[in-house]
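Novice: Quick one, protein-v1.txt (compact mmCIF, C-alpha atoms):
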# COMPACT_ATOMS: atom_id res chain seq x y z
CA MET A 1 -2.29 -7.59 -4.12
CA GLY A 2 -3.78 -6.10 -7.30
CA GLU A 3 -3.85 -2.52 -6.03
CA GLU A 4 -0.38 -2.84 -4.48
CA HIS A 5 0.93 -4.06 -7.86
CA THR A 6 -0.76 -1.08 -9.54
CA ILE A 7 0.91 1.34 -7.11
CA THR A 8 4.29 -0.35 -7.65
CA GLN A 9 3.99 -0.03 -11.43
CA GLN A 10 2.74 3.56 -11.21
CA ILE A 11 5.72 4.52 -9.06
CA LEU A 12 8.08 2.88 -11.57
CA ASP A 13 6.35 4.90 -14.32
CA PHE A 14 6.61 8.07 -12.25
CA PHE A 15 10.35 7.81 -11.81
CA GLY A 16 10.75 6.85 -15.45
CA GLU A 17 9.50 10.33 -16.38
CA ASP A 18 12.18 13.04 -16.19
CA ASN A 19 10.64 15.86 -18.19
CA SER A 20 10.27 18.47 -15.46
CA HIS A 21 9.96 22.06 -16.73
CA GLY A 22 11.71 23.37 -13.61
CA ALA A 23 15.19 23.20 -12.13
CA HIS A 24 16.96 19.85 -11.99
CA GLU A 25 19.85 19.71 -9.52
CA VAL A 26 22.20 16.80 -8.92
CA PHE A 27 25.18 16.76 -6.61
CA THR A 28 27.32 14.27 -4.74
CA ASN A 29 29.58 14.63 -1.72
CA ASP A 30 31.15 12.50 1.01
CA LEU A 31 27.69 11.81 2.48
CA GLY A 32 26.02 10.50 -0.68
CA LYS A 33 24.12 11.47 -3.80
CA PHE A 34 21.26 13.99 -3.91
CA GLU A 35 18.85 14.94 -6.69
CA THR A 36 16.07 17.54 -6.70
CA LEU A 37 13.54 18.24 -9.46
CA THR A 38 11.25 21.26 -9.23
CA HIS A 39 8.04 20.57 -11.16
CA TYR A 40 6.16 23.76 -10.27
CA ASN A 41 6.78 26.92 -8.27
CA ASN A 42 4.54 29.91 -7.56
CA ASP A 43 3.20 31.79 -4.53
CA GLU A 44 0.49 29.23 -3.77
CA PHE A 45 2.20 25.94 -4.58
CA LEU A 46 5.64 24.41 -4.80
CA VAL A 47 6.05 20.88 -6.19
CA LYS A 48 9.42 19.16 -5.71
CA GLU A 49 10.68 15.65 -6.24
CA TYR A 50 13.60 14.31 -4.19
CA ARG A 51 15.90 11.33 -4.71
CA TYR A 52 18.79 10.77 -2.32
CA SER A 53 20.97 8.10 -0.75
CA TYR A 54 23.66 8.06 1.93
CA HIS A 55 26.88 6.05 2.05
CA ALA A 56 26.50 5.45 5.81
CA ASP A 57 23.73 5.76 8.38
CA TYR A 58 23.17 9.48 8.83
CA THR A 59 21.21 11.79 11.14
CA MET A 60 20.31 15.09 9.50
CA LYS A 61 19.98 17.94 12.02
CA PHE A 62 18.71 21.45 11.34
CA ARG A 63 16.49 24.25 12.65
CA THR A 64 13.57 25.47 10.55
CA GLU A 65 13.47 29.04 9.29
CA LYS A 66 10.36 31.09 8.49
CA VAL A 67 7.69 28.74 7.13
CA LYS A 68 4.92 29.84 4.77
CA TYR A 69 3.82 26.46 3.46
CA ILE A 70 1.89 23.44 4.71
CA GLU A 71 3.56 20.30 3.43
CA LEU A 72 1.93 17.37 1.67
CA ALA A 73 4.54 14.59 1.50
CA PHE A 74 4.31 11.38 -0.55
CA PHE A 75 6.83 8.68 0.43
CA LEU A 76 7.27 6.65 -2.76
CA ASP A 77 10.41 4.55 -2.31
CA GLY A 78 13.10 3.81 0.24
CA ALA A 79 12.98 2.44 3.78
CA ASP A 80 9.70 0.95 5.01
CA VAL A 81 9.65 3.63 7.71
CA ILE A 82 11.48 6.97 7.97
CA ARG A 83 11.86 8.24 11.52
CA ASP A 84 12.38 11.81 12.67
CA SER A 85 12.21 14.03 15.73
CA VAL A 86 10.62 17.51 15.96
CA ASN A 87 11.61 19.34 19.14
CA GLY A 88 12.29 15.96 20.73
CA LYS A 89 8.95 14.41 19.71
CA PRO A 90 9.49 11.27 17.59
CA GLY A 91 7.63 10.69 14.33
CA ALA A 92 7.41 7.91 11.75
CA TYR A 93 6.51 8.00 8.05
CA LYS A 94 5.55 4.80 6.23
CA LEU A 95 6.40 3.83 2.67
CA HIS A 96 3.59 4.30 0.11
CA HIS A 97 1.78 6.64 2.50
CA HIS A 98 1.25 10.40 2.47
CA TYR A 99 1.11 12.97 5.24
CA ILE A 100 -0.09 16.56 5.61
CA TYR A 101 1.75 18.50 8.28
CA PHE A 102 3.05 21.90 9.37
CA THR A 103 6.38 22.46 11.10
CA PRO A 104 6.73 25.90 12.77
CA GLU A 105 9.66 28.29 12.71
CA ASN A 106 12.71 27.56 14.92
CA ALA A 107 11.85 23.87 15.35
CA ASP A 108 14.79 21.52 15.99
CA ILE A 109 14.61 18.70 13.46
CA LYS A 110 16.39 15.36 13.30
CA ILE A 111 15.80 12.89 10.45
CA PHE A 112 17.36 9.42 10.54
CA PHE A 113 18.47 7.84 7.26
CA LYS A 114 19.84 4.35 6.64
CA LYS A 115 22.84 3.71 4.42
CA GLU A 116 22.66 2.48 0.82
CA ILE A 117 18.91 3.06 0.48
CA CYS A 118 17.60 5.22 -2.35
CA TYR A 119 14.88 7.41 -0.84
CA LYS A 120 12.36 8.92 -3.23
CA ASN A 121 9.53 11.26 -2.34
CA LEU A 122 7.41 13.99 -3.82
CA ASP A 123 6.42 17.03 -1.74
CA ILE A 124 3.67 19.51 -2.54
CA TYR A 125 3.94 22.70 -0.50
CA VAL A 126 0.62 24.53 -0.14
CA SER A 127 0.46 28.14 1.08
CA LYS A 128 -1.28 28.70 4.42
CA ASP A 129 -3.62 31.23 2.77
CA TYR A 130 -4.81 28.62 0.27
CA PHE A 131 -5.48 26.14 3.07
CA HIS A 132 -7.62 28.77 4.81
CA GLN A 133 -9.88 28.80 1.76
CA LEU A 134 -10.18 25.01 1.80
CA ALA A 135 -10.95 24.98 5.54
CA GLU A 136 -14.01 27.23 5.38
CA ASP A 137 -16.52 24.35 5.29
CA SER A 138 -14.54 21.63 7.05
CA PRO A 139 -14.28 21.34 10.87
CA MET A 140 -11.44 18.85 10.44
CA LEU A 141 -9.39 21.37 8.44
CA GLN A 142 -10.39 24.27 10.70
CA ASN A 143 -8.88 22.54 13.75
CA PHE A 144 -5.72 21.87 11.77
CA ILE A 145 -5.35 25.42 10.43
CA ALA A 146 -6.04 26.90 13.88
CA LYS A 147 -2.88 25.19 15.19
CA VAL A 148 -0.97 26.43 12.15
CA ASP A 149 -2.09 30.03 12.82
CA LEU A 150 -0.82 29.71 16.38
CA GLY A 151 2.59 28.59 15.09
CA LYS A 152 2.28 25.09 16.53
CA SER A 153 3.28 21.76 15.00
CA ALA A 154 0.24 20.20 13.34
CA SER A 155 -0.47 16.98 11.48
CA LEU A 156 -3.74 16.34 9.69
CA PHE A 157 -3.38 12.56 9.54
CA PRO A 158 -0.69 11.61 12.10
CA GLU A 159 -0.73 7.91 11.10
CA GLY A 160 -0.62 8.77 7.40
CA LEU A 161 -2.96 7.59 4.66
CA PRO A 162 -2.12 5.04 1.94
CA ILE A 163 -1.37 6.38 -1.53
CA THR A 164 -4.11 5.18 -3.87
CA PRO A 165 -3.81 4.52 -7.63
CA GLN A 166 -5.99 7.61 -8.26
CA MET A 167 -3.57 9.79 -6.30
CA MET A 168 -0.57 8.40 -8.19
CA SER A 169 -2.32 9.11 -11.50
CA ILE A 170 -2.71 12.77 -10.53
CA LEU A 171 0.93 13.02 -9.45
CA LEU A 172 2.01 11.56 -12.79
CA GLU A 173 -0.19 14.06 -14.67
CA ILE A 174 1.44 16.93 -12.77
CA LYS A 175 4.91 15.64 -13.59
CA LYS A 176 4.15 15.00 -17.28
CA CYS A 177 2.49 18.39 -17.89
CA THR A 178 4.14 20.12 -20.88
CA LEU A 179 1.92 23.23 -20.95
CA ASP A 180 3.34 26.72 -20.44
CA GLY A 181 2.25 30.02 -18.94
CA PHE A 182 -1.37 30.50 -17.90
CA TYR A 183 -2.41 27.08 -19.16
CA ARG A 184 0.26 25.34 -17.07
CA ASP A 185 -0.74 27.31 -13.95
CA TYR A 186 -4.40 26.48 -14.41
CA PHE A 187 -3.75 22.78 -15.14
CA ILE A 188 -1.44 22.16 -12.18
CA LYS A 189 -3.56 24.14 -9.71
CA SER A 190 -6.64 22.17 -10.75
CA LYS A 191 -4.75 18.88 -10.33
CA ILE A 192 -3.51 19.82 -6.85
CA LEU A 193 -7.04 20.82 -5.84
CA SER A 194 -8.36 17.49 -7.20
CA LEU A 195 -5.68 15.67 -5.22
CA LEU A 196 -6.54 17.47 -1.98
CA LEU A 197 -10.26 16.84 -2.43
CA LEU A 198 -9.54 13.16 -3.13
CA ILE A 199 -7.47 12.92 0.05
CA PHE A 200 -10.10 14.62 2.20
CA GLU A 201 -12.84 12.41 0.76
CA PHE A 202 -10.74 9.28 1.39
CA ALA A 203 -10.10 10.39 5.00
CA LYS A 204 -13.80 11.08 5.52
CA ASN A 205 -14.73 7.60 4.28
CA GLN A 206 -12.14 6.03 6.60
CA GLU A 207 -13.60 7.90 9.58
CA GLU A 208 -17.12 6.74 8.76
CA LYS A 209 -16.18 3.06 8.76
CA PRO A 210 -17.30 1.17 11.90
CA LEU A 211 -14.63 1.41 14.56
CA VAL A 212 -13.22 -1.82 15.96
CA GLN A 213 -11.65 -1.63 19.38
CA ASN A 214 -8.29 -3.39 19.24
CA LYS A 215 -6.23 -2.60 22.28
CA SER A 216 -2.60 -3.49 21.80
CA SER A 217 -1.32 -6.40 23.86
CA ILE A 218 2.35 -5.66 23.08
CA ASN A 219 4.42 -4.56 26.05
CA THR A 220 7.67 -2.58 25.89
CA SER A 221 9.87 -5.67 26.18
CA ASP A 222 8.00 -7.40 23.34
CA ILE A 223 8.35 -4.30 21.13
CA HIS A 224 12.11 -4.28 21.67
CA THR A 225 12.31 -7.99 20.76
CA LEU A 226 10.12 -7.56 17.69
CA MET A 227 12.30 -4.66 16.52
CA GLU A 228 15.33 -6.96 16.82
CA ILE A 229 13.56 -9.62 14.79
CA LYS A 230 12.67 -7.07 12.11
CA GLU A 231 16.31 -5.93 11.91
CA PHE A 232 17.43 -9.57 11.73
CA ILE A 233 15.07 -10.21 8.79
CA GLU A 234 16.30 -7.09 6.98
CA GLY A 235 19.93 -8.13 7.42
CA ASN A 236 19.44 -11.78 6.42
CA LEU A 237 17.34 -11.81 3.28
CA LYS A 238 19.11 -14.94 1.99
CA SER A 239 18.00 -16.95 5.03
CA PHE A 240 14.67 -18.74 5.32
CA TYR A 241 13.41 -19.61 8.80
CA THR A 242 10.34 -20.86 10.63
CA ILE A 243 8.35 -19.08 13.32
CA GLU A 244 9.61 -21.71 15.77
CA GLN A 245 13.26 -20.97 14.88
CA LEU A 246 12.77 -17.21 15.35
CA SER A 247 10.87 -17.81 18.58
CA ILE A 248 13.73 -19.84 20.03
CA ARG A 249 16.44 -17.51 18.74
CA PHE A 250 14.88 -14.38 20.24
CA GLY A 251 13.16 -15.91 23.26
CA ILE A 252 9.61 -14.88 22.46
CA ASN A 253 6.36 -16.85 22.48
CA GLU A 254 5.33 -17.98 18.95
CA PHE A 255 1.83 -16.50 19.30
CA LYS A 256 3.25 -13.16 20.47
CA LEU A 257 5.73 -13.21 17.60
CA LYS A 258 3.09 -13.76 14.90
CA LYS A 259 0.41 -11.48 16.36
CA GLY A 260 2.77 -8.78 17.65
CA PHE A 261 4.82 -8.53 14.46
CA LYS A 262 1.73 -7.98 12.32
CA GLU A 263 0.25 -5.51 14.81
CA LEU A 264 3.48 -3.51 15.02
CA PHE A 265 4.61 -3.56 11.38
CA GLY A 266 1.40 -4.21 9.45
CA ASP A 267 2.62 -7.47 7.86
CA GLY A 268 3.15 -11.07 8.84
CA VAL A 269 6.75 -12.21 9.33
CA PHE A 270 6.94 -14.21 6.08
CA HIS A 271 5.15 -11.64 3.92
CA TYR A 272 7.40 -8.89 5.28
CA ALA A 273 10.51 -10.91 4.39
CA ALA A 274 9.06 -11.78 0.97
CA LYS A 275 8.37 -8.12 0.18
CA LEU A 276 11.96 -7.20 1.02
CA ARG A 277 13.30 -10.00 -1.19
CA MET A 278 11.07 -8.91 -4.06
CA LYS A 279 12.17 -5.30 -3.63
CA GLU A 280 15.78 -6.45 -3.96
CA ALA A 281 14.80 -8.66 -6.91
CA LEU A 282 13.17 -5.71 -8.70
CA HIS A 283 16.33 -3.68 -8.22
CA LEU A 284 18.58 -6.46 -9.56
CA LEU A 285 16.33 -7.21 -12.55
CA LYS A 286 16.34 -3.56 -13.53
CA ASN A 287 19.91 -2.53 -12.67
CA SER A 288 22.13 -5.60 -13.02
CA ASP A 289 23.17 -8.12 -15.65
CA LEU A 290 22.64 -11.05 -13.30
CA SER A 291 20.58 -13.87 -14.79
CA ILE A 292 17.30 -14.83 -13.15
CA LYS A 293 18.98 -18.01 -11.93
CA GLU A 294 21.77 -15.98 -10.30
CA ILE A 295 19.27 -13.60 -8.70
CA ALA A 296 17.29 -16.55 -7.33
CA TYR A 297 20.37 -18.03 -5.64
CA HIS A 298 21.54 -14.58 -4.52
CA LEU A 299 18.25 -14.19 -2.60
CA GLY A 300 18.50 -17.63 -1.05
CA TYR A 301 15.93 -19.51 -3.12
CA ALA A 302 16.57 -23.23 -3.65
CA SER A 303 15.76 -23.02 -7.35
CA PRO A 304 14.91 -20.45 -10.04
CA SER A 305 11.42 -21.92 -10.31
CA SER A 306 10.64 -21.33 -6.62
CA PHE A 307 11.91 -17.75 -7.02
CA SER A 308 9.73 -17.24 -10.11
CA VAL A 309 6.62 -18.47 -8.28
CA ALA A 310 7.30 -16.21 -5.30
CA PHE A 311 8.00 -13.25 -7.59
CA LYS A 312 4.76 -13.72 -9.54
CA ASN A 313 2.73 -14.13 -6.35
CA GLU A 314 4.05 -10.82 -5.01
CA ILE A 315 4.43 -8.67 -8.14
CA GLY A 316 1.77 -10.14 -10.40
CA VAL A 317 4.04 -11.10 -13.32
CA GLY A 318 7.03 -13.41 -13.68
CA PRO A 319 10.64 -12.10 -13.45
CA SER A 320 11.34 -12.80 -17.15
CA TYR A 321 8.28 -10.79 -18.21
CA TYR A 322 9.18 -7.97 -15.84
CA ARG A 323 12.75 -7.71 -17.17
CA LYS A 324 11.61 -7.69 -20.83
CA HIS A 325 8.95 -5.05 -20.29
Write the structure described by the file as structure tokens, please.

Specialist:
Amino acid sequence: MGEEHTITQQILDFFGEDNSHGAHEVFTNDLGKFETLTHYNNDEFLVKEYRYSYHADYTMKFRTEKVKYIELAFFLDGADVIRDSVNGKPGAYKLHHHYIYFTPENADIKIFFKKEICYKNLDIYVSKDYFHQLAEDSPMLQNFIAKVDLGKSASLFPEGLPITPQMMSILLEIKKCTLDGFYRDYFIKSKILSLLLLIFEFAKNQEEKPLVQNKSSINTSDIHTLMEIKEFIEGNLKSFYTIEQLSIRFGINEFKLKKGFKELFGDGVFHYAAKLRMKEALHLLKNSDLSIKEIAYHLGYASPSSFSVAFKNEIGVGPSYYRKH
């Protein structure tokens, strides 16, 4: 919980900094609100921050044009999973994870967004030529860049890697940089290189850990049911329920529900629901005038004290302290 709290606070700090030296564009239309900040732009690197939300569920569709960059995407806030489709092949991108991928020219893209969610991500675009230099001594990168050279879709870490506190610190340093000219170029390039080396080292350490064979026992029918349960939880944050109640409601064995939900979504049923409630609580504490008592009842807690205990267990500090600081 300590590292997760650190990441949460670092992300709050990151979006509290709006001192980009580059272009800052904001526009709204019938679909929603969209904001783009360009932190750095040259032939080797492009660093852009995106914040956007849609008024209704929306599927973005487009075809890629000529691509000269490999993309390093950090998903910092928004839905727990963003889903897309590249030439009909589905993909998923988890919150607080990062991905390195290449999408070729003339690819048909679909990205699925949910309504009333503020998505926030930072993308670092790295030139293919620069990646060639990094790949000289790494078989892992050589296999990746070979697909890129052939104009094929490629993903270095298809399942994504978690964003660590060290990575967030580097991202914040890039955003806060106030240098100009040569000094700015040198500083940001060195930080991006440090970030890439940190990522590759982290991936290498993950690969060297002993592998545990865990074959999934979830069948297609169970997956469909578990997805329904997940959607039910997301739509009923004010409701508290037992495993037995969910099992009866959705017609699934209790053991399958507990084991399958954690295997499929990476969290137990109750912790998943608690995280969603705390995410809503953070939003209300920061952006509303509701009292802590009102927020507690709004989220379905029986008393402000039970809400405060749950909040501190998840976030690391009490709601009163969080709001003051």

Novice: Enumerate, in order of chain and increasing residue number, the residues of range 253-316 of chain A with an atom no farther than 12 Å from range 114-125 of chain A, each with its shortest atom pair and distance in Å to one decimal, counting only C-alpha atoms, as JSON lines.

Specialist:
{"residue": "A:Lys279", "atom": "CA", "partner": "A:Ile117", "partner_atom": "CA", "distance": 11.5}
{"residue": "A:Glu280", "atom": "CA", "partner": "A:Ile117", "partner_atom": "CA", "distance": 11.0}
{"residue": "A:His283", "atom": "CA", "partner": "A:Cys118", "partner_atom": "CA", "distance": 10.7}

Novice: Take the residues just selected and output them with C-alpha atoms as a PDB file, keeping the file's coordinate frame.

Specialist:
ATOM      1  CA  LYS A 279      12.170  -5.300  -3.630  1.00  0.00           C
ATOM      2  CA  GLU A 280      15.780  -6.450  -3.960  1.00  0.00           C
ATOM      3  CA  HIS A 283      16.330  -3.680  -8.220  1.00  0.00           C
TER       4      HIS A 283
END

Novice: Calculate how many Å separate CA of Asp13 in chain A from CA of His55 in chain A, rounding to one decimal.

Specialist: 26.3 Å

Novice: How many Å separate CA of Asp129 in chain A from CA of Glu44 in chain A?

Specialist: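 CA of Asp129 in chain A sits 8.0 Å away from CA of Glu44 in chain A.
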
Novice: Could you tell me how far CA of Ser85 in chain A lies from CA of Ile111 in chain A, in Å and to one decimal?

Specialist: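 CA of Ser85 in chain A sits 6.5 Å away from CA of Ile111 in chain A.
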
Novice: Considering all atoms listed in the file, state which residue in the set A:Lys147, A:Arg277, A:His298, A:His224 is at the smallest distance from Leu264 in chain A.

Specialist: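 The closest residue to Leu264 in chain A is A:His224.
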
Novice: Compare A:Arg323, A:Lys68, A:His98, A:Arg83 by their minimum atom-to-atom distance to Leu196 in chain A, counting all atoms listed in the file, and give me the closest one.

Specialist: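 Residue with the minimum atom-to-atom distance to Leu196 in chain A: A:His98.
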
Novice: Pick out the closest residue to Lys176 in chain A from this set: A:Asp77, A:Val126, A:Gly16, A:Gln9. Count all atoms listed in the file.

Specialist: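 Answer, going by the shortest atom-to-atom distance: A:Gly16.
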
Novice: Report as number ranges by chain all protein, DNA and RNA residues lying within 10 Å of range 160-172 of chain A, evaluated on only C-alpha atoms, omitting residues in the same chain fewer than 6 positions from it.

Specialist: A: 3-11, 13-15, 17, 47, 73-76, 92-100, 122, 124, 188, 191-192, 194-196, 198-199, 202-203, 206

Novice: Nearest to Leu37 in chain A among A:Glu254, A:Ile82, A:Lys175, A:Lys259, with distances taken over all atoms listed in the file: which residue is it?

Specialist: A:Lys175

Novice: Counting only C-alpha atoms, which of A:Lys312, A:Lys230, A:Lys128, A:Lys61 gets nearest to Phe250 in chain A?

Specialist: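 With only C-alpha atoms as the atom set, the closest residue is A:Lys230.
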
Novice: Please provide the set of residues having any atom within 12 Å of Phe131 in chain A, restricted to all atoms listed in the file, with same-chain residues fewer than 2 positions apart removed, written as number ranges by chain.

Specialist: A: 44-45, 68-72, 100-102, 125-129, 133-138, 140-146, 148-149, 156, 192-193, 196-197

Novice: Where's the centre, and what are the edge lengths in Å to one decimal, of a box along x, y and z enclosing all listed atoms of range 44-62 of chain A padded 4 Å per side, as lines of an AutoDock Vina configuration file?

Specialist:
center_x = 13.7
center_y = 17.3
center_z = 2.9
size_x = 34.4
size_y = 31.8
size_z = 26.3

Novice: From the list A:Ala281, A:Leu46, A:Ile315, A:Ala273, which residue is nearest Gly235 in chain A when using all atoms listed in the file?

Specialist: A:Ala273
